[in-house]
file protein-v4.pdb (PDB, C-alpha atoms)
ATOM      1  CA  HIS A   1      21.078 118.218  36.600
ATOM      2  CA  LEU A   2      23.006 115.327  35.090
ATOM      3  CA  ASN A   3      21.377 113.171  32.449
ATOM      4  CA  THR A   4      20.915 109.460  33.221
ATOM      5  CA  SER A   5      24.099 108.158  31.596
ATOM      6  CA  ALA A   6      26.209 110.898  33.183
ATOM      7  CA  GLN A   7      24.667 110.166  36.594
ATOM      8  CA  LYS A   8      25.963 106.596  36.433
ATOM      9  CA  GLU A   9      29.407 107.641  35.265
ATOM     10  CA  TRP A  10      29.786 110.413  37.832
ATOM     11  CA  LYS A  11      27.886 109.000  40.819
ATOM     12  CA  THR A  12      31.022 109.088  43.020
ATOM     13  CA  VAL A  13      31.294 112.884  42.827
ATOM     14  CA  ALA A  14      27.873 114.198  41.721
ATOM     15  CA  GLY A  15      26.480 116.369  44.506
ATOM     16  CA  ALA A  16      29.297 115.374  46.870
ATOM     17  CA  LEU A  17      31.247 117.788  49.065
ATOM     18  CA  LEU A  18      34.767 116.749  48.161
ATOM     19  CA  PRO A  19      37.708 117.398  50.494
ATOM     20  CA  LEU A  20      39.857 120.515  50.218
ATOM     21  CA  THR A  21      43.571 120.123  50.935
ATOM     22  CA  PRO A  22      44.734 122.300  53.845
ATOM     23  CA  VAL A  23      47.832 124.444  53.360
ATOM     24  CA  PRO A  24      50.790 122.466  54.766
ATOM     25  CA  ASP A  25      53.673 123.791  56.856
ATOM     26  CA  LEU A  26      55.168 126.214  54.338
ATOM     27  CA  ALA A  27      58.575 126.409  56.029
ATOM     28  CA  GLU A  28      58.875 122.645  55.803
ATOM     29  CA  ALA A  29      57.689 122.721  52.184
ATOM     30  CA  SER A  30      60.304 125.357  51.367
ATOM     31  CA  THR A  31      63.080 123.316  52.994
ATOM     32  CA  THR A  32      62.122 120.164  51.102
ATOM     33  CA  LEU A  33      61.824 121.874  47.722
ATOM     34  CA  SER A  34      64.972 123.967  48.169
ATOM     35  CA  ARG A  35      66.902 120.785  48.879
ATOM     36  CA  GLU A  36      65.605 119.245  45.635
ATOM     37  CA  PHE A  37      65.918 122.423  43.548
ATOM     38  CA  PRO A  38      68.681 124.570  45.098
ATOM     39  CA  HIS A  39      68.852 126.760  41.969
ATOM     40  CA  LEU A  40      65.153 127.653  42.359
ATOM     41  CA  ARG A  41      65.079 128.567  46.050
ATOM     42  CA  SER A  42      63.858 132.154  45.642
ATOM     43  CA  GLU A  43      61.405 131.285  42.860
ATOM     44  CA  ILE A  44      59.848 128.472  44.917
ATOM     45  CA  ASP A  45      59.598 130.646  48.030
ATOM     46  CA  GLY A  46      57.819 133.310  45.978
ATOM     47  CA  ILE A  47      55.226 130.777  44.839
ATOM     48  CA  LEU A  48      54.802 129.330  48.338
ATOM     49  CA  ARG A  49      54.109 132.817  49.724
ATOM     50  CA  THR A  50      50.874 132.857  47.688
ATOM     51  CA  GLN A  51      49.562 130.194  50.104
ATOM     52  CA  VAL A  52      49.924 132.268  53.284
ATOM     53  CA  GLY A  53      46.544 132.750  54.944
ATOM     54  CA  ARG A  54      44.641 130.681  52.382
ATOM     55  CA  PRO A  55      41.761 128.481  53.614
ATOM     56  CA  TYR A  56      43.022 125.620  51.440
ATOM     57  CA  ALA A  57      45.929 124.907  49.108
ATOM     58  CA  ARG A  58      45.397 126.425  45.686
ATOM     59  CA  LEU A  59      48.026 127.916  43.407
ATOM     60  CA  PRO A  60      47.191 130.924  41.240
ATOM     61  CA  PHE A  61      47.654 130.380  37.507
ATOM     62  CA  THR A  62      51.423 130.317  37.110
ATOM     63  CA  ILE A  63      53.687 130.017  34.076
ATOM     64  CA  LEU A  64      57.197 128.666  34.699
ATOM     65  CA  VAL A  65      59.502 129.949  31.952
ATOM     66  CA  GLY A  66      63.036 128.719  31.351
ATOM     67  CA  GLU A  67      65.436 126.965  29.043
ATOM     68  CA  PRO A  68      65.150 123.253  28.307
ATOM     69  CA  GLY A  69      66.767 121.404  31.197
ATOM     70  CA  ALA A  70      65.812 123.984  33.827
ATOM     71  CA  GLY A  71      63.590 121.390  35.509
ATOM     72  CA  LYS A  72      60.309 123.217  34.967
ATOM     73  CA  THR A  73      58.006 120.221  34.706
ATOM     74  CA  ARG A  74      59.581 118.341  37.587
ATOM     75  CA  ALA A  75      59.552 121.464  39.761
ATOM     76  CA  ALA A  76      55.883 122.094  38.946
ATOM     77  CA  ARG A  77      54.978 118.521  39.777
ATOM     78  CA  ARG A  78      56.933 118.437  43.041
ATOM     79  CA  LEU A  79      55.591 121.811  44.147
ATOM     80  CA  CYS A  80      52.049 120.500  43.804
ATOM     81  CA  GLU A  81      52.887 117.181  45.472
ATOM     82  CA  ILE A  82      54.496 118.893  48.473
ATOM     83  CA  LEU A  83      51.355 121.028  48.828
ATOM     84  CA  GLY A  84      49.323 117.804  48.868
ATOM     85  CA  LEU A  85      47.699 118.370  45.483
ATOM     86  CA  PRO A  86      47.230 115.343  43.178
ATOM     87  CA  VAL A  87      48.870 116.206  39.834
ATOM     88  CA  THR A  88      47.828 115.667  36.231
ATOM     89  CA  VAL A  89      50.403 116.574  33.561
ATOM     90  CA  TYR A  90      48.703 117.607  30.312
ATOM     91  CA  SER A  91      51.024 117.993  27.327
ATOM     92  CA  ALA A  92      50.269 121.008  25.162
ATOM     93  CA  ALA A  93      53.048 120.238  22.668
ATOM     94  CA  GLY A  94      51.444 119.727  19.297
ATOM     95  CA  SER A  95      47.942 119.873  20.754
ATOM     96  CA  ALA A  96      45.651 120.493  17.800
ATOM     97  CA  ASP A  97      42.334 121.006  19.559
ATOM     98  CA  GLY A  98      40.615 122.484  22.590
ATOM     99  CA  SER A  99      39.563 119.196  24.193
ATOM    100  CA  ILE A 100      41.031 120.321  27.516
ATOM    101  CA  ILE A 101      37.640 121.977  28.095
ATOM    102  CA  GLY A 102      35.763 118.701  27.516
ATOM    103  CA  THR A 103      33.868 117.403  24.491
ATOM    104  CA  SER A 104      30.179 117.275  23.700
ATOM    105  CA  ARG A 105      28.073 114.360  24.979
ATOM    106  CA  GLN A 106      26.630 113.995  21.464
ATOM    107  CA  TRP A 107      29.849 112.170  20.499
ATOM    108  CA  ASN A 108      30.635 108.593  21.532
ATOM    109  CA  SER A 109      34.098 109.727  22.576
ATOM    110  CA  SER A 110      32.706 112.439  24.857
ATOM    111  CA  ARG A 111      34.922 113.317  27.821
ATOM    112  CA  ALA A 112      34.632 115.801  30.666
ATOM    113  CA  CYS A 113      37.078 118.681  30.947
ATOM    114  CA  VAL A 114      40.555 117.700  32.137
ATOM    115  CA  PRO A 115      40.266 119.175  35.661
ATOM    116  CA  LEU A 116      36.967 117.375  36.228
ATOM    117  CA  GLN A 117      38.501 114.085  35.113
ATOM    118  CA  ALA A 118      41.236 114.651  37.716
ATOM    119  CA  ILE A 119      38.678 115.470  40.413
ATOM    120  CA  GLN A 120      36.776 112.272  39.672
ATOM    121  CA  ARG A 121      39.938 110.172  39.719
ATOM    122  CA  ASP A 122      41.376 111.619  42.927
ATOM    123  CA  LEU A 123      38.089 112.351  44.746
ATOM    124  CA  ARG A 124      39.382 115.753  45.815
ATOM    125  CA  ALA A 125      38.259 119.244  44.837
ATOM    126  CA  THR A 126      41.835 120.507  45.115
ATOM    127  CA  VAL A 127      43.775 118.954  42.263
ATOM    128  CA  ALA A 128      46.538 120.455  40.128
ATOM    129  CA  ILE A 129      46.905 120.508  36.353
ATOM    130  CA  VAL A 130      50.376 121.063  34.898
ATOM    131  CA  VAL A 131      50.055 122.181  31.271
ATOM    132  CA  ASP A 132      53.427 121.225  29.861
ATOM    133  CA  GLU A 133      55.123 123.124  27.004
ATOM    134  CA  LEU A 134      52.351 125.662  26.566
ATOM    135  CA  ASP A 135      54.434 127.610  24.053
ATOM    136  CA  LYS A 136      54.413 124.588  21.723
ATOM    137  CA  ALA A 137      50.618 124.303  21.530
ATOM    138  CA  GLY A 138      49.123 124.178  18.036
ATOM    139  CA  SER A 139      47.930 127.499  16.631
ATOM    140  CA  ARG A 140      45.188 126.273  14.278
ATOM    141  CA  SER A 141      41.655 126.903  15.510
ATOM    142  CA  ASP A 142      39.679 124.409  13.369
ATOM    143  CA  ASN A 143      38.823 122.308  16.447
ATOM    144  CA  GLY A 144      39.508 124.913  19.077
ATOM    145  CA  ARG A 145      42.856 125.861  20.649
ATOM    146  CA  ILE A 146      44.175 124.749  24.011
ATOM    147  CA  VAL A 147      45.199 128.318  24.872
ATOM    148  CA  ASP A 148      41.620 129.542  24.419
ATOM    149  CA  GLY A 149      40.281 126.622  26.437
ATOM    150  CA  LEU A 150      42.744 127.286  29.223
ATOM    151  CA  LEU A 151      41.673 130.910  29.361
ATOM    152  CA  THR A 152      38.080 129.778  29.880
ATOM    153  CA  LEU A 153      38.993 127.291  32.621
ATOM    154  CA  ILE A 154      41.171 129.602  34.736
ATOM    155  CA  GLU A 155      38.771 132.564  34.852
ATOM    156  CA  PRO A 156      37.400 132.605  38.448
ATOM    157  CA  GLU A 157      33.883 133.618  37.404
ATOM    158  CA  ASN A 158      33.795 130.819  34.831
ATOM    159  CA  ALA A 159      35.466 128.198  37.031
ATOM    160  CA  SER A 160      32.898 128.392  39.830
ATOM    161  CA  ARG A 161      30.078 127.465  37.438
ATOM    162  CA  TYR A 162      31.793 125.979  34.424
ATOM    163  CA  HIS A 163      29.306 124.386  32.016
ATOM    164  CA  ASP A 164      30.963 121.106  31.115
ATOM    165  CA  PRO A 165      29.988 120.011  27.568
ATOM    166  CA  SER A 166      30.054 116.315  28.439
ATOM    167  CA  LEU A 167      28.089 116.472  31.697
ATOM    168  CA  GLU A 168      25.821 119.182  30.244
ATOM    169  CA  CYS A 169      25.556 120.991  33.574
ATOM    170  CA  PRO A 170      27.501 123.539  35.663
ATOM    171  CA  VAL A 171      30.405 122.231  37.755
ATOM    172  CA  ASP A 172      32.666 123.973  40.274
ATOM    173  CA  ILE A 173      36.339 123.681  39.341
ATOM    174  CA  SER A 174      37.408 126.863  41.129
ATOM    175  CA  PRO A 175      39.632 125.036  43.699
ATOM    176  CA  VAL A 176      41.811 123.610  40.893
ATOM    177  CA  SER A 177      45.437 124.786  40.653
ATOM    178  CA  TRP A 178      46.985 125.499  37.255
ATOM    179  CA  ILE A 179      50.688 125.645  36.352
ATOM    180  CA  ALA A 180      52.009 125.909  32.809
ATOM    181  CA  THR A 181      55.583 125.441  31.624
ATOM    182  CA  ALA A 182      57.202 127.108  28.619
ATOM    183  CA  ASN A 183      60.628 127.647  27.123
ATOM    184  CA  SER A 184      59.511 131.084  25.938
ATOM    185  CA  LEU A 185      56.550 133.431  26.326
ATOM    186  CA  ALA A 186      56.554 134.091  22.578
ATOM    187  CA  GLY A 187      53.357 132.866  20.986
ATOM    188  CA  ILE A 188      51.382 132.659  24.246
ATOM    189  CA  PRO A 189      48.340 134.960  23.963
ATOM    190  CA  GLN A 190      48.572 138.197  25.905
ATOM    191  CA  ALA A 191      45.226 137.470  27.554
ATOM    192  CA  LEU A 192      46.780 134.414  29.238
ATOM    193  CA  LEU A 193      49.950 136.284  30.185
ATOM    194  CA  ASP A 194      47.881 139.044  31.770
ATOM    195  CA  ARG A 195      46.222 136.490  34.077
ATOM    196  CA  ALA A 196      49.389 134.586  34.961
ATOM    197  CA  ARG A 197      51.993 134.786  37.665
ATOM    198  CA  ILE A 198      55.115 134.496  35.476
ATOM    199  CA  VAL A 199      58.144 132.913  37.110
ATOM    200  CA  HIS A 200      61.458 132.951  35.216
ATOM    201  CA  MET A 201      63.498 129.887  36.141
ATOM    202  CA  PRO A 202      67.290 129.816  35.950
ATOM    203  CA  SER A 203      69.095 126.721  34.720
ATOM    204  CA  PRO A 204      70.900 124.551  37.290
ATOM    205  CA  ARG A 205      74.228 125.714  35.822
ATOM    206  CA  ASP A 206      73.428 129.444  36.257
TER     207      ASP A 206
END
call {"tool": "encode", "arguments": {"input": "protein-v4.pdb", "output": "structure tokens"}}
result
Amino acid sequence: HLNTSAQKEWKTVAGALLPLTPVPDLAEASTTLSREFPHLRSEIDGILRTQVGRPYARLPFTILVGEPGAGKTRAARRLCEILGLPVTVYSAAGSADGSIIGTSRQWNSSRACVPLQAIQRDLRATVAIVVDELDKAGSRSDNGRIVDGLLTLIEPENASRYHDPSLECPVDISPVSWIATANSLAGIPQALLDRARIVHMPSPRD
């Protein structure tokens, strides 16, 4: 149960059955995206195939890997938008803490985890988080690391009853889609790589 202050802050979504985005016409989605990203046609179609037969639009945890200029962030954003998923881009570059998982309500600056903030803003259970430049995330663990927090948030068994430190209660973030971008897989923990669909993206000039 939410405490009194959290109840006021989260009254729009607390206990509500929020809408789930249906899977759109995938052939139409493929045509639109292939027109925008002709160099990524096969990669995009591979990702779209993960939506066949799904009850609602939700992308498995995916890491887009490619050189600077390959259009990773824009492709991630447009893929989510075409699927009807509201997008939040969260920059991992230089991130020096694990606040993506939320911060404790004991602090005045307390905030819910990033996916829950997106759910509250968009009033949908199916939102997408693009974690940009994951390979550039800070490696110090004094205040937690984003890579460890991300691992916690994407685990299906954790996501369905994630205990948010700000709300101080379990929340269901399992319908959330996660895409990360990186120039290289070097430095990304193996535990994250093992749980990811890794898509290597060619440059437009290739």
call {"tool": "resolve_selection", "arguments": {"input": "protein-v4.pdb", "expression": "the PyMOL selection byres ((chain A and resi 24) around 10)", "output": "PyMOL selection string"}}
result
chain A and resi 21-23+25-29+51-52+56-57+82-84
call {"tool": "resolve_selection", "arguments": {"input": "protein-v4.pdb", "expression": "the PyMOL selection byres ((chain A and resi 61) around 8)", "output": "list of chain:residue names"}}
result
A:Leu59, A:Pro60, A:Thr62, A:Ile63, A:Ile154, A:Ser177, A:Trp178, A:Ile179, A:Ala180, A:Arg195, A:Ala196, A:Arg197
call {"tool": "atom_distance", "arguments": {"input": "protein-v4.pdb", "atom1": "atom CA of Ala128 of chain A", "atom2": "atom CA of Val199 of chain A"}}
result
17.3 Å
call {"tool": "atom_distance", "arguments": {"input": "protein-v4.pdb", "atom1": "atom CA of Pro19 of chain A", "atom2": "atom CA of Arg124 of chain A"}}
result
5.2 Å
call {"tool": "atom_distance", "arguments": {"input": "protein-v4.pdb", "atom1": "atom CA of Thr152 of chain A", "atom2": "atom CA of Pro68 of chain A"}}
result
27.9 Å
call {"tool": "closest_residue", "arguments": {"input": "protein-v4.pdb", "among": "A:Pro115, A:Val131, A:Thr126, A:Ser174", "to": "Val89 of chain A", "atoms": "all atoms listed in the file"}}
result
A:Val131
call {"tool": "build_atoms", "arguments": {"input": "protein-v4.pdb", "residues": "segment 66-96 of chain A", "atoms": "N, CA and C atoms", "output": "PDB file, in the frame of the given file"}}
result
ATOM      1  N   GLY A  66      61.600 128.944  31.249  1.00  0.00           N
ATOM      2  CA  GLY A  66      63.036 128.719  31.351  1.00  0.00           C
ATOM      3  C   GLY A  66      63.529 127.850  30.218  1.00  0.00           C
ATOM      4  N   GLU A  67      64.824 127.759  30.098  1.00  0.00           N
ATOM      5  CA  GLU A  67      65.436 126.965  29.043  1.00  0.00           C
ATOM      6  C   GLU A  67      65.149 125.481  29.241  1.00  0.00           C
ATOM      7  N   PRO A  68      65.239 124.709  28.149  1.00  0.00           N
ATOM      8  CA  PRO A  68      65.150 123.253  28.307  1.00  0.00           C
ATOM      9  C   PRO A  68      66.211 122.781  29.307  1.00  0.00           C
ATOM     10  N   GLY A  69      65.825 121.891  30.205  1.00  0.00           N
ATOM     11  CA  GLY A  69      66.767 121.404  31.197  1.00  0.00           C
ATOM     12  C   GLY A  69      66.739 122.158  32.506  1.00  0.00           C
ATOM     13  N   ALA A  70      65.896 123.208  32.588  1.00  0.00           N
ATOM     14  CA  ALA A  70      65.812 123.984  33.827  1.00  0.00           C
ATOM     15  C   ALA A  70      65.004 123.252  34.899  1.00  0.00           C
ATOM     16  N   GLY A  71      64.351 122.163  34.528  1.00  0.00           N
ATOM     17  CA  GLY A  71      63.590 121.390  35.509  1.00  0.00           C
ATOM     18  C   GLY A  71      62.195 121.911  35.761  1.00  0.00           C
ATOM     19  N   LYS A  72      61.612 122.580  34.775  1.00  0.00           N
ATOM     20  CA  LYS A  72      60.309 123.217  34.967  1.00  0.00           C
ATOM     21  C   LYS A  72      59.200 122.226  35.312  1.00  0.00           C
ATOM     22  N   THR A  73      59.097 121.178  34.507  1.00  0.00           N
ATOM     23  CA  THR A  73      58.006 120.221  34.706  1.00  0.00           C
ATOM     24  C   THR A  73      58.154 119.485  36.032  1.00  0.00           C
ATOM     25  N   ARG A  74      59.352 119.051  36.326  1.00  0.00           N
ATOM     26  CA  ARG A  74      59.581 118.341  37.587  1.00  0.00           C
ATOM     27  C   ARG A  74      59.332 119.269  38.774  1.00  0.00           C
ATOM     28  N   ALA A  75      59.773 120.513  38.675  1.00  0.00           N
ATOM     29  CA  ALA A  75      59.552 121.464  39.761  1.00  0.00           C
ATOM     30  C   ALA A  75      58.059 121.727  39.956  1.00  0.00           C
ATOM     31  N   ALA A  76      57.327 121.871  38.855  1.00  0.00           N
ATOM     32  CA  ALA A  76      55.883 122.094  38.946  1.00  0.00           C
ATOM     33  C   ALA A  76      55.193 120.919  39.622  1.00  0.00           C
ATOM     34  N   ARG A  77      55.575 119.718  39.196  1.00  0.00           N
ATOM     35  CA  ARG A  77      54.978 118.521  39.777  1.00  0.00           C
ATOM     36  C   ARG A  77      55.288 118.403  41.271  1.00  0.00           C
ATOM     37  N   ARG A  78      56.551 118.589  41.640  1.00  0.00           N
ATOM     38  CA  ARG A  78      56.933 118.437  43.041  1.00  0.00           C
ATOM     39  C   ARG A  78      56.335 119.522  43.916  1.00  0.00           C
ATOM     40  N   LEU A  79      56.226 120.733  43.400  1.00  0.00           N
ATOM     41  CA  LEU A  79      55.591 121.811  44.147  1.00  0.00           C
ATOM     42  C   LEU A  79      54.163 121.428  44.525  1.00  0.00           C
ATOM     43  N   CYS A  80      53.432 120.909  43.554  1.00  0.00           N
ATOM     44  CA  CYS A  80      52.049 120.500  43.804  1.00  0.00           C
ATOM     45  C   CYS A  80      51.993 119.325  44.784  1.00  0.00           C
ATOM     46  N   GLU A  81      52.879 118.356  44.599  1.00  0.00           N
ATOM     47  CA  GLU A  81      52.887 117.181  45.472  1.00  0.00           C
ATOM     48  C   GLU A  81      53.185 117.567  46.917  1.00  0.00           C
ATOM     49  N   ILE A  82      54.137 118.466  47.121  1.00  0.00           N
ATOM     50  CA  ILE A  82      54.496 118.893  48.473  1.00  0.00           C
ATOM     51  C   ILE A  82      53.338 119.654  49.124  1.00  0.00           C
ATOM     52  N   LEU A  83      52.539 120.335  48.308  1.00  0.00           N
ATOM     53  CA  LEU A  83      51.355 121.028  48.828  1.00  0.00           C
ATOM     54  C   LEU A  83      50.188 120.063  49.058  1.00  0.00           C
ATOM     55  N   GLY A  84      50.373 118.798  48.665  1.00  0.00           N
ATOM     56  CA  GLY A  84      49.323 117.804  48.868  1.00  0.00           C
ATOM     57  C   GLY A  84      48.282 117.763  47.770  1.00  0.00           C
ATOM     58  N   LEU A  85      48.640 118.300  46.596  1.00  0.00           N
ATOM     59  CA  LEU A  85      47.699 118.370  45.483  1.00  0.00           C
ATOM     60  C   LEU A  85      47.986 117.262  44.469  1.00  0.00           C
ATOM     61  N   PRO A  86      47.037 116.353  44.216  1.00  0.00           N
ATOM     62  CA  PRO A  86      47.230 115.343  43.178  1.00  0.00           C
ATOM     63  C   PRO A  86      47.470 116.023  41.825  1.00  0.00           C
ATOM     64  N   VAL A  87      48.418 115.518  41.054  1.00  0.00           N
ATOM     65  CA  VAL A  87      48.870 116.206  39.834  1.00  0.00           C
ATOM     66  C   VAL A  87      48.496 115.439  38.571  1.00  0.00           C
ATOM     67  N   THR A  88      48.002 116.182  37.585  1.00  0.00           N
ATOM     68  CA  THR A  88      47.828 115.667  36.231  1.00  0.00           C
ATOM     69  C   THR A  88      48.700 116.500  35.308  1.00  0.00           C
ATOM     70  N   VAL A  89      49.584 115.861  34.545  1.00  0.00           N
ATOM     71  CA  VAL A  89      50.403 116.574  33.561  1.00  0.00           C
ATOM     72  C   VAL A  89      49.737 116.434  32.202  1.00  0.00           C
ATOM     73  N   TYR A  90      49.397 117.573  31.602  1.00  0.00           N
ATOM     74  CA  TYR A  90      48.703 117.607  30.312  1.00  0.00           C
ATOM     75  C   TYR A  90      49.643 118.243  29.298  1.00  0.00           C
ATOM     76  N   SER A  91      50.069 117.483  28.312  1.00  0.00           N
ATOM     77  CA  SER A  91      51.024 117.993  27.327  1.00  0.00           C
ATOM     78  C   SER A  91      50.330 118.870  26.288  1.00  0.00           C
ATOM     79  N   ALA A  92      50.816 120.096  26.168  1.00  0.00           N
ATOM     80  CA  ALA A  92      50.269 121.008  25.162  1.00  0.00           C
ATOM     81  C   ALA A  92      51.037 120.930  23.851  1.00  0.00           C
ATOM     82  N   ALA A  93      52.201 120.289  23.866  1.00  0.00           N
ATOM     83  CA  ALA A  93      53.048 120.238  22.668  1.00  0.00           C
ATOM     84  C   ALA A  93      52.311 119.550  21.525  1.00  0.00           C
ATOM     85  N   GLY A  94      52.113 120.289  20.462  1.00  0.00           N
ATOM     86  CA  GLY A  94      51.444 119.727  19.297  1.00  0.00           C
ATOM     87  C   GLY A  94      49.950 119.558  19.442  1.00  0.00           C
ATOM     88  N   SER A  95      49.389 120.004  20.565  1.00  0.00           N
ATOM     89  CA  SER A  95      47.942 119.873  20.754  1.00  0.00           C
ATOM     90  C   SER A  95      47.212 120.617  19.642  1.00  0.00           C
ATOM     91  N   ALA A  96      46.305 119.909  18.973  1.00  0.00           N
ATOM     92  CA  ALA A  96      45.651 120.493  17.800  1.00  0.00           C
ATOM     93  C   ALA A  96      44.177 120.769  18.039  1.00  0.00           C
TER      94      ALA A  96
END
